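Participant: Here you go, structure.txt (compact mmCIF, C-alpha atoms and all ligand atoms):
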# COMPACT_ATOMS: atom_id res chain seq x y z
CA MET A 1 60.19 244.77 352.03
CA ASP A 2 56.75 246.28 352.60
CA ILE A 3 54.75 244.87 355.46
CA PHE A 4 51.03 245.52 355.19
CA ALA A 5 48.94 246.53 358.20
CA ASP A 6 47.62 243.00 358.71
CA GLY A 7 51.16 241.69 359.07
CA THR A 8 51.41 240.13 355.63
CA ALA A 9 54.17 241.24 353.30
CA ALA A 10 54.42 241.97 349.62
CA PRO A 11 56.01 238.93 347.94
CA GLU A 12 59.44 239.38 346.41
CA THR A 13 60.90 237.40 343.56
CA GLU A 14 64.59 236.65 343.25
CA PRO A 15 66.15 237.50 339.89
CA ALA A 16 66.87 234.25 338.03
CA GLY A 17 70.44 232.97 338.26
CA GLU A 18 71.47 235.09 341.23
CA LEU A 19 73.10 233.41 344.22
CA PRO A 20 71.26 233.78 347.52
CA GLU A 21 72.57 236.52 349.80
CA VAL A 22 75.06 235.36 352.40
CA GLU A 23 75.48 238.61 354.30
CA ALA A 24 74.48 238.65 357.97
CA ALA A 25 70.76 239.09 358.50
CA ARG A 26 69.72 242.67 359.29
CA THR A 27 68.80 243.21 362.95
CA LEU A 28 65.08 243.75 362.71
CA PRO A 29 63.29 246.22 364.96
CA LEU A 30 60.85 244.17 367.00
CA ALA A 31 58.86 243.81 370.18
CA GLU A 32 59.74 241.28 372.84
CA LEU A 33 56.49 240.08 374.42
CA HIS A 34 57.52 237.06 376.46
CA LEU A 35 60.32 237.79 378.88
CA HIS A 36 60.61 237.06 382.60
CA ILE A 37 62.86 239.68 384.13
CA GLU A 38 64.05 237.22 386.79
CA GLY A 39 65.11 234.96 383.93
CA THR A 40 67.60 237.58 382.76
CA LEU A 41 69.72 237.20 385.90
CA GLN A 42 73.08 236.18 384.47
CA PRO A 43 75.42 233.95 386.51
CA GLU A 44 77.96 236.78 386.84
CA LEU A 45 75.28 239.11 388.23
CA ILE A 46 74.09 236.39 390.63
CA PHE A 47 77.59 236.30 392.15
CA GLU A 48 77.92 240.09 392.13
CA LEU A 49 74.60 240.61 393.93
CA ALA A 50 75.33 237.80 396.42
CA GLU A 51 78.56 239.53 397.34
CA ARG A 52 76.93 242.96 397.56
CA ASN A 53 74.23 241.55 399.87
CA GLY A 54 76.60 239.40 401.97
CA LEU A 55 74.92 236.15 400.94
CA ALA A 56 76.63 232.78 400.65
CA LEU A 57 75.68 230.92 397.48
CA PRO A 58 75.47 227.12 397.41
CA TYR A 59 77.86 227.10 394.40
CA SER A 60 81.63 227.51 394.58
CA GLY A 61 81.80 229.54 391.39
CA LEU A 62 80.43 230.29 387.93
CA GLU A 63 81.42 226.93 386.55
CA GLU A 64 79.54 224.99 389.21
CA LEU A 65 76.48 227.20 388.74
CA ARG A 66 76.57 226.93 384.94
CA ALA A 67 76.79 223.15 385.21
CA LEU A 68 73.28 223.21 386.69
CA TYR A 69 71.78 224.71 383.51
CA GLU A 70 70.94 221.29 382.07
CA PHE A 71 67.18 221.04 382.44
CA SER A 72 64.98 218.01 381.96
CA ASP A 73 61.64 219.82 382.04
CA LEU A 74 59.96 223.04 383.20
CA GLN A 75 60.04 222.13 386.91
CA SER A 76 63.78 221.40 386.91
CA PHE A 77 64.35 224.90 385.52
CA LEU A 78 61.88 226.55 387.91
CA ASP A 79 63.71 225.06 390.92
CA LEU A 80 66.95 226.84 389.95
CA TYR A 81 65.18 229.99 388.73
CA TYR A 82 63.44 230.47 392.10
CA ALA A 83 66.57 229.55 394.10
CA ASN A 84 68.71 232.13 392.28
CA MET A 85 66.24 234.91 393.07
CA ALA A 86 67.57 234.86 396.65
CA VAL A 87 70.21 237.41 395.56
CA LEU A 88 67.54 239.99 394.67
CA GLN A 89 67.15 241.93 397.91
CA THR A 90 67.02 245.66 397.28
CA GLU A 91 65.40 248.02 394.80
CA GLN A 92 68.88 248.60 393.39
CA ASP A 93 69.28 244.86 392.70
CA PHE A 94 66.02 244.76 390.72
CA ALA A 95 66.96 247.96 388.88
CA ASP A 96 70.45 246.69 387.97
CA MET A 97 69.07 243.39 386.67
CA THR A 98 66.48 245.23 384.59
CA ARG A 99 68.97 247.72 383.17
CA ALA A 100 71.28 244.88 382.14
CA TYR A 101 68.42 243.27 380.24
CA LEU A 102 67.45 246.54 378.53
CA ALA A 103 71.02 247.13 377.35
CA ARG A 104 71.34 243.62 375.93
CA ALA A 105 67.86 243.62 374.38
CA ALA A 106 68.51 246.98 372.69
CA ALA A 107 71.56 245.43 371.00
CA ALA A 108 69.30 242.58 369.84
CA GLY A 109 66.99 244.99 368.02
CA VAL A 110 64.24 245.06 370.66
CA ARG A 111 62.45 248.42 370.35
CA HIS A 112 59.54 247.64 372.66
CA ALA A 113 59.59 245.17 375.56
CA GLU A 114 56.75 243.81 377.68
CA ILE A 115 58.39 242.53 380.80
CA MET A 116 56.91 239.98 383.21
CA MET A 117 57.87 239.83 386.84
CA ASP A 118 56.84 237.31 389.52
CA PRO A 119 55.91 239.35 392.65
CA GLN A 120 54.86 236.24 394.62
CA ALA A 121 58.32 234.74 394.22
CA HIS A 122 59.73 237.77 396.04
CA LEU A 123 57.00 238.21 398.66
CA SER A 124 57.52 234.60 399.77
CA ARG A 125 61.19 235.47 400.49
CA GLY A 126 60.25 238.53 402.56
CA VAL A 127 60.94 241.09 399.81
CA SER A 128 58.12 243.66 399.66
CA LEU A 129 55.98 244.49 396.65
CA GLU A 130 57.36 248.04 396.73
CA THR A 131 60.95 246.81 396.58
CA CYS A 132 60.52 244.53 393.58
CA VAL A 133 58.03 246.68 391.67
CA ASN A 134 59.79 250.00 392.25
CA GLY A 135 63.18 248.50 391.43
CA VAL A 136 62.09 247.13 388.05
CA ALA A 137 59.85 250.12 387.31
CA SER A 138 62.64 252.63 388.01
CA ALA A 139 64.75 251.11 385.24
CA LEU A 140 61.79 250.90 382.87
CA ALA A 141 60.90 254.56 383.51
CA THR A 142 64.01 255.71 381.62
CA SER A 143 64.13 252.94 378.98
CA VAL A 144 63.20 255.32 376.16
CA GLU A 145 65.89 257.89 376.92
CA ASP A 146 68.52 255.30 377.93
CA PHE A 147 67.92 252.65 375.26
CA GLY A 148 65.37 253.99 372.77
CA MET A 149 63.05 251.23 373.93
CA SER A 150 59.45 251.57 375.05
CA THR A 151 58.54 249.16 377.83
CA LEU A 152 55.66 248.04 379.97
CA LEU A 153 55.36 245.81 383.00
CA ILE A 154 53.29 242.63 383.37
CA ALA A 155 52.59 241.16 386.81
CA ALA A 156 52.70 237.39 386.40
CA PHE A 157 51.01 235.10 388.90
CA LEU A 158 52.32 231.70 389.94
CA ARG A 159 49.75 229.10 388.92
CA ASP A 160 51.04 226.49 391.36
CA LEU A 161 49.95 228.78 394.22
CA SER A 162 46.31 229.40 395.17
CA GLU A 163 43.98 231.87 393.50
CA GLU A 164 43.51 233.49 396.94
CA SER A 165 47.21 234.30 397.06
CA ALA A 166 47.07 235.78 393.56
CA LEU A 167 44.00 237.88 394.41
CA GLU A 168 45.70 239.22 397.50
CA VAL A 169 48.79 240.21 395.53
CA LEU A 170 46.73 241.82 392.76
CA ASP A 171 44.95 243.86 395.46
CA GLY A 172 48.35 244.86 396.83
CA LEU A 173 49.58 245.94 393.40
CA LEU A 174 46.46 248.02 392.80
CA ALA A 175 46.71 249.53 396.29
CA ILE A 176 50.24 250.82 395.66
CA ASN A 177 49.31 251.97 392.17
CA ALA A 178 51.94 249.71 390.67
CA PRO A 179 52.68 250.76 387.07
CA ILE A 180 51.50 247.48 385.55
CA ALA A 181 49.80 247.29 382.17
CA ALA A 182 48.81 243.63 382.21
CA VAL A 183 48.66 240.40 384.17
CA GLY A 184 50.06 237.02 383.16
CA LEU A 185 50.09 233.45 384.46
CA ASP A 186 53.26 231.36 384.71
CA SER A 187 55.15 228.66 386.65
CA ALA A 188 54.29 224.92 386.75
CA GLU A 189 51.59 224.42 384.13
CA VAL A 190 50.46 220.79 384.23
CA GLY A 191 47.81 220.26 386.90
CA ASN A 192 47.23 224.02 387.26
CA PRO A 193 44.74 224.80 384.49
CA PRO A 194 43.78 228.37 383.59
CA ALA A 195 40.24 228.01 385.02
CA LYS A 196 41.77 227.98 388.52
CA PHE A 197 42.31 231.74 388.03
CA GLU A 198 38.94 232.82 386.62
CA ARG A 199 38.24 235.36 389.39
CA LEU A 200 41.76 236.79 389.21
CA PHE A 201 41.51 237.51 385.52
CA ALA A 202 37.97 238.92 385.87
CA LYS A 203 39.26 241.29 388.53
CA ALA A 204 42.27 242.31 386.45
CA ARG A 205 40.02 243.01 383.46
CA GLU A 206 37.76 245.16 385.64
CA ALA A 207 40.84 247.09 386.76
CA GLY A 208 41.57 247.90 383.09
CA LEU A 209 44.55 245.59 382.76
CA ARG A 210 45.46 243.65 379.61
CA LEU A 211 45.48 239.85 379.89
CA THR A 212 47.91 237.14 378.84
CA ALA A 213 48.66 233.61 380.12
CA HIS A 214 51.15 230.81 379.56
CA ALA A 215 49.29 227.88 378.02
CA GLY A 216 50.23 224.93 375.85
CA GLU A 217 53.93 224.91 376.79
CA GLU A 218 53.92 221.62 378.71
CA GLY A 219 50.16 221.62 379.26
CA PRO A 220 47.65 220.35 376.68
CA ALA A 221 45.97 222.29 373.87
CA SER A 222 42.79 222.34 376.00
CA TYR A 223 44.55 224.78 378.38
CA ILE A 224 44.85 227.25 375.49
CA ILE A 225 41.10 227.00 374.87
CA GLU A 226 40.44 227.47 378.58
CA ALA A 227 42.71 230.53 378.78
CA LEU A 228 40.79 232.10 375.89
CA ASP A 229 37.27 231.12 376.94
CA VAL A 230 37.43 231.19 380.75
CA LEU A 231 40.09 233.83 381.39
CA GLY A 232 39.42 235.89 378.27
CA VAL A 233 43.11 236.43 377.54
CA GLU A 234 44.13 238.39 374.47
CA ARG A 235 47.42 236.60 374.00
CA ILE A 236 48.86 233.15 374.70
CA ASP A 237 52.42 232.71 375.95
CA HIS A 238 54.07 229.70 374.24
CA GLY A 239 50.98 227.96 372.82
CA ILE A 240 53.03 225.50 370.77
CA ARG A 241 50.83 222.54 371.69
CA CYS A 242 47.95 224.12 369.74
CA MET A 243 49.45 222.18 366.84
CA GLU A 244 47.89 219.01 368.30
CA ASP A 245 44.36 220.37 367.72
CA GLN A 246 43.52 221.34 364.14
CA ASP A 247 40.22 223.02 365.11
CA LEU A 248 42.07 225.15 367.63
CA VAL A 249 44.69 226.12 365.03
CA GLU A 250 41.91 227.27 362.72
CA ARG A 251 40.33 229.31 365.50
CA LEU A 252 43.65 230.93 366.47
CA VAL A 253 44.27 231.82 362.82
CA ASP A 254 40.74 233.21 362.33
CA GLU A 255 40.89 235.30 365.50
CA ARG A 256 44.55 236.26 364.94
CA ILE A 257 45.36 235.32 368.55
CA PRO A 258 49.04 236.11 369.24
CA LEU A 259 51.26 233.24 370.36
CA THR A 260 54.53 234.37 371.96
CA VAL A 261 56.80 231.48 371.02
CA CYS A 262 60.20 230.91 372.66
CA PRO A 263 62.18 228.39 370.57
CA LEU A 264 65.39 228.09 372.63
CA SER A 265 63.32 227.79 375.82
CA ASN A 266 61.33 224.94 374.28
CA VAL A 267 64.54 223.10 373.40
CA ARG A 268 66.19 223.64 376.80
CA LEU A 269 63.06 222.60 378.72
CA ARG A 270 62.60 219.59 376.43
CA ALA A 271 59.21 220.59 375.06
CA VAL A 272 60.86 219.64 371.74
CA ASP A 273 63.88 217.36 371.24
CA THR A 274 65.91 219.68 369.05
CA LEU A 275 65.42 223.04 367.34
CA ALA A 276 64.96 221.17 364.05
CA ASP A 277 61.86 219.57 365.59
CA HIS A 278 60.37 222.91 366.62
CA PRO A 279 56.89 223.61 365.20
CA LEU A 280 57.63 227.28 364.41
CA PRO A 281 57.88 226.78 360.61
CA ALA A 282 54.64 224.75 360.65
CA MET A 283 53.00 227.44 362.76
CA LEU A 284 54.04 230.12 360.27
CA ALA A 285 52.85 227.97 357.39
CA ALA A 286 49.49 227.49 359.12
CA GLY A 287 49.09 231.28 359.22
CA LEU A 288 49.30 231.56 363.01
CA ASN A 289 50.16 234.92 364.55
CA VAL A 290 53.50 233.88 366.08
CA SER A 291 56.38 235.96 367.38
CA VAL A 292 59.85 234.93 368.59
CA ASN A 293 60.84 235.70 372.18
CA SER A 294 63.54 234.75 374.66
CA ASP A 295 61.53 233.79 377.83
CA ASP A 296 64.44 233.44 380.31
CA PRO A 297 67.49 234.32 378.22
CA ALA A 298 70.10 233.87 380.99
CA TYR A 299 68.98 230.25 381.38
CA PHE A 300 68.12 229.13 377.86
CA GLY A 301 71.15 230.06 375.81
CA GLY A 302 70.24 233.40 374.40
CA TYR A 303 68.40 236.63 373.81
CA VAL A 304 65.95 237.27 371.02
CA ASP A 305 68.71 237.80 368.43
CA ASP A 306 70.23 234.45 369.43
CA ASN A 307 66.81 232.83 368.97
CA PHE A 308 66.59 234.33 365.47
CA ALA A 309 70.17 233.35 364.61
CA GLN A 310 69.65 229.73 365.64
CA LEU A 311 66.31 229.51 363.85
CA GLN A 312 68.01 230.95 360.80
CA ALA A 313 70.80 228.36 361.01
CA VAL A 314 68.38 225.43 361.25
CA PHE A 315 65.47 226.54 359.08
CA GLU A 316 66.94 229.14 356.71
CA LEU A 317 64.01 231.46 357.37
CA SER A 318 63.37 233.77 354.44
CA GLU A 319 63.51 237.53 354.86
CA PHE A 320 59.76 237.37 354.35
CA ASP A 321 59.38 235.07 357.39
CA ARG A 322 61.74 237.10 359.58
CA SER A 323 59.92 240.32 358.72
CA ARG A 324 56.57 238.65 359.33
CA LEU A 325 57.74 237.49 362.77
CA ALA A 326 58.89 241.02 363.61
CA ALA A 327 55.65 242.56 362.31
CA ASN A 328 53.59 240.03 364.28
CA SER A 329 55.46 240.97 367.46
CA ILE A 330 54.64 244.64 366.96
CA HIS A 331 50.96 244.05 366.06
CA SER A 332 50.58 241.70 369.06
CA SER A 333 52.02 244.09 371.62
CA PHE A 334 50.03 246.06 374.17
CA ALA A 335 51.71 249.28 372.97
CA SER A 336 49.61 252.25 371.85
CA GLU A 337 48.45 252.30 368.22
CA GLU A 338 50.74 255.29 367.70
CA ARG A 339 53.81 253.41 368.99
CA LYS A 340 52.92 250.37 366.89
CA ALA A 341 52.67 252.54 363.78
CA GLU A 342 56.08 254.05 364.56
CA LEU A 343 57.68 250.61 364.92
CA LEU A 344 56.01 249.22 361.80
CA ASP A 345 57.29 252.23 359.91
CA GLU A 346 60.79 251.51 361.19
CA LEU A 347 60.47 247.85 360.19
CA ASN A 348 59.42 248.87 356.71
CA GLY A 349 62.54 251.00 356.42
CA GLY A 350 60.66 254.30 356.83
N1 LIG A 401 57.14 228.73 381.81
C1 LIG A 401 56.43 228.88 382.93
N2 LIG A 401 56.80 229.67 383.92
C2 LIG A 401 57.92 230.36 383.79
C3 LIG A 401 58.70 230.25 382.67
C4 LIG A 401 58.28 229.40 381.60
O1 LIG A 401 58.92 229.24 380.55
N3 LIG A 401 59.77 231.07 382.85
C5 LIG A 401 59.62 231.66 384.06
N4 LIG A 401 58.51 231.22 384.64
ZN ZN A 402 57.57 232.20 380.02
How does the structure come out when it is put into structure tokens?
Ligand code: HPA
Ligand code: ZN
Facilitator:
Amino acid sequence: MDIFADGTAAPETEPAGELPEVEAARTLPLAELHLHIEGTLQPELIFELAERNGLALPYSGLEELRALYEFSDLQSFLDLYYANMAVLQTEQDFADMTRAYLARAAAAGVRHAEIMMDPQAHLSRGVSLETCVNGVASALATSVEDFGMSTLLIAAFLRDLSEESALEVLDGLLAINAPIAAVGLDSAEVGNPPAKFERLFAKAREAGLRLTAHAGEEGPASYIIEALDVLGVERIDHGIRCMEDQDLVERLVDERIPLTVCPLSNVRLRAVDTLADHPLPAMLAAGLNVSVNSDDPAYFGGYVDDNFAQLQAVFELSEFDRSRLAANSIHSSFASEERKAELLDELNGG
């Protein structure tokens, strides 16, 4: 199927009388834009790193840990997510976690990944900026030769902490010349509106960084508007609650603002009751620039291919929709125009 430069595709008609194809869906080349590297820490690796670092875990084994992966909301997930980071101590730990993600994502068809990390969650445990940044960055530095995947790093700031803390950490990242391409905003959303971080985002923009922020996951549609108008972000992470504000939907469509949607995350964190209730099909139908991403795949039941497979099982997405989602992910990335063209070419079978 041909995908045009604006992300739309040439319509295809099915010959009359032919049965629909039942073969497995082709693994599409795509960009993963919403991924927290700490959320890729698999239970097995948690135990391995605990042993390597001589740490005692508060769980007797994998089964007891896995039993905790029943979340009632974002905060109940964040509590476990931050607790499990205790096993990340050395540069090698961060590099091993990152390499494991790259290997798995490559198998899922990811050809470009924009990877968030939470420096403040490591600094507060006494792990230095150099340790966490250099560890992740060392694995990303060879992602093209090792996995055929271009990558870039996004420093995400914890919105439940103060703006002063975020500003201090951004200064620290700039001082060590950390290889970051963008900043993001994550953690507990409700009660921590985007406007709290106006100075942080202004400073990041001045430093030449790209801007994205979580908004409209658990928080209201007004947080999406605030992230766009006060922070000046180019992209919204999640954004599903835009569907509650028709004027906002029209604006997002007109301005082609990317929304990095994470369906399995939304189910596991109870933003929606079941996958069948997910607004993704309505978002596509509205003409929104949505992509499919895995968020914290070790916690939410799957990587980006698992998200696609489950969407496919529930919604029977057409090849047109799947290709549009992949094309949107590429267009919405912070990759160079040259890299985007390469990936779009690949998607179009070139
Ligand atoms: N939302 C907010 N903060 C996060 C998430 C998320 O889904 N994952 C990791 N930090
Ligand atoms: Zn997220």
Participant: To one decimal place, how far is CA of Pro281 in chain A from CA of Tyr69 in chain A in Å?
Facilitator: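 Interatomic distance, CA of Pro281 in chain A to CA of Tyr69 in chain A: 26.9 Å.
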Participant: Between A:Pro297, A:Gly109, A:Gly191, A:Pro220, which has the minimum distance to ligand LIG 401 (chain A) (counting all atoms listed in the file)?
Facilitator: A:Pro297
Participant: Where does range 105-173 of chain A meet range 25-40 of chain A within 8 Å, residue by residue, with the nearest atom pair and distance in Å to one decimal for each, counting all atoms listed in the file, listed by chain and rising number, as a tab-separated table?
Facilitator:
residue	atom	partner	partner_atom	distance
A:Ala108	CA	A:Thr27	CA	6.9
A:Gly109	CA	A:Pro29	CA	5.0
A:Val110	CA	A:Leu30	CA	5.1
A:Arg111	CA	A:Leu30	CA	5.6
A:His112	CA	A:Ala31	CA	4.6
A:Ala113	CA	A:Glu32	CA	4.7
A:Glu114	CA	A:Leu33	CA	5.0
A:Ile115	CA	A:Leu35	CA	5.5
A:Met116	CA	A:His36	CA	4.8
A:Met117	CA	A:Ile37	CA	5.7
A:Asp118	CA	A:Glu38	CA	7.7
Participant: Please give the centre and size of the box around ligand LIG 401 (chain A) (axis-aligned, containing every atom listed in the file, 8 Å added per side), with values in Å to one decimal and written as AutoDock Vina command-line options.
Facilitator:
--center_x 58.1 --center_y 230.2 --center_z 382.6 --size_x 19.3 --size_y 18.9 --size_z 20.1
Participant: Using only C-alpha atoms and all ligand atoms, find each protein or nucleic acid residue lying at most 9 Å from ligand LIG 401 (chain A); present the set as a ChimeraX atom specification.
Facilitator: /A:34-39,74-75,77-78,81-82,116-118,156,158-159,185-189,214-215,217-218,237-238,262,265-266,269,295-296
Participant: Give the answer as one residue: which of A:Pro194, A:Gly232, A:Gly54, A:Gly216 has the shortest atom-to-atom distance to ligand ZN 402 (chain A), using all atoms listed in the file?
Facilitator: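 Once distances to ligand ZN 402 (chain A) are computed over all atoms listed in the file, the minimum belongs to A:Gly216.
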Participant: Would you pick out the contacts of Lys340 in chain A at 9 Å or less, using all atoms listed in the file, so that residues sharing its chain but fewer than 5 positions from it are not included, and give the list as a tab-separated table (two decimals) with C-alpha atoms, in the frame of the given file?
Facilitator:
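Contents of around.tsv, freshly written:
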chain	number	residue	atom	x	y	z
A	330	ILE	CA	54.64	244.64	366.96
A	331	HIS	CA	50.96	244.05	366.06
A	333	SER	CA	52.02	244.09	371.62
A	334	PHE	CA	50.03	246.06	374.17
A	335	ALA	CA	51.71	249.28	372.97
A	345	ASP	CA	57.29	252.23	359.91
Participant: Work out how far CA of Phe197 in chain A is from CA of Met243 in chain A, in Å to one decimal.
Facilitator: 24.3 Å
Participant: Ranking A:Val230, A:Leu88, A:Leu252, A:Ala141 by minimum distance to Val127 in chain A and counting all atoms listed in the file, which one comes first?
Facilitator: A:Leu88
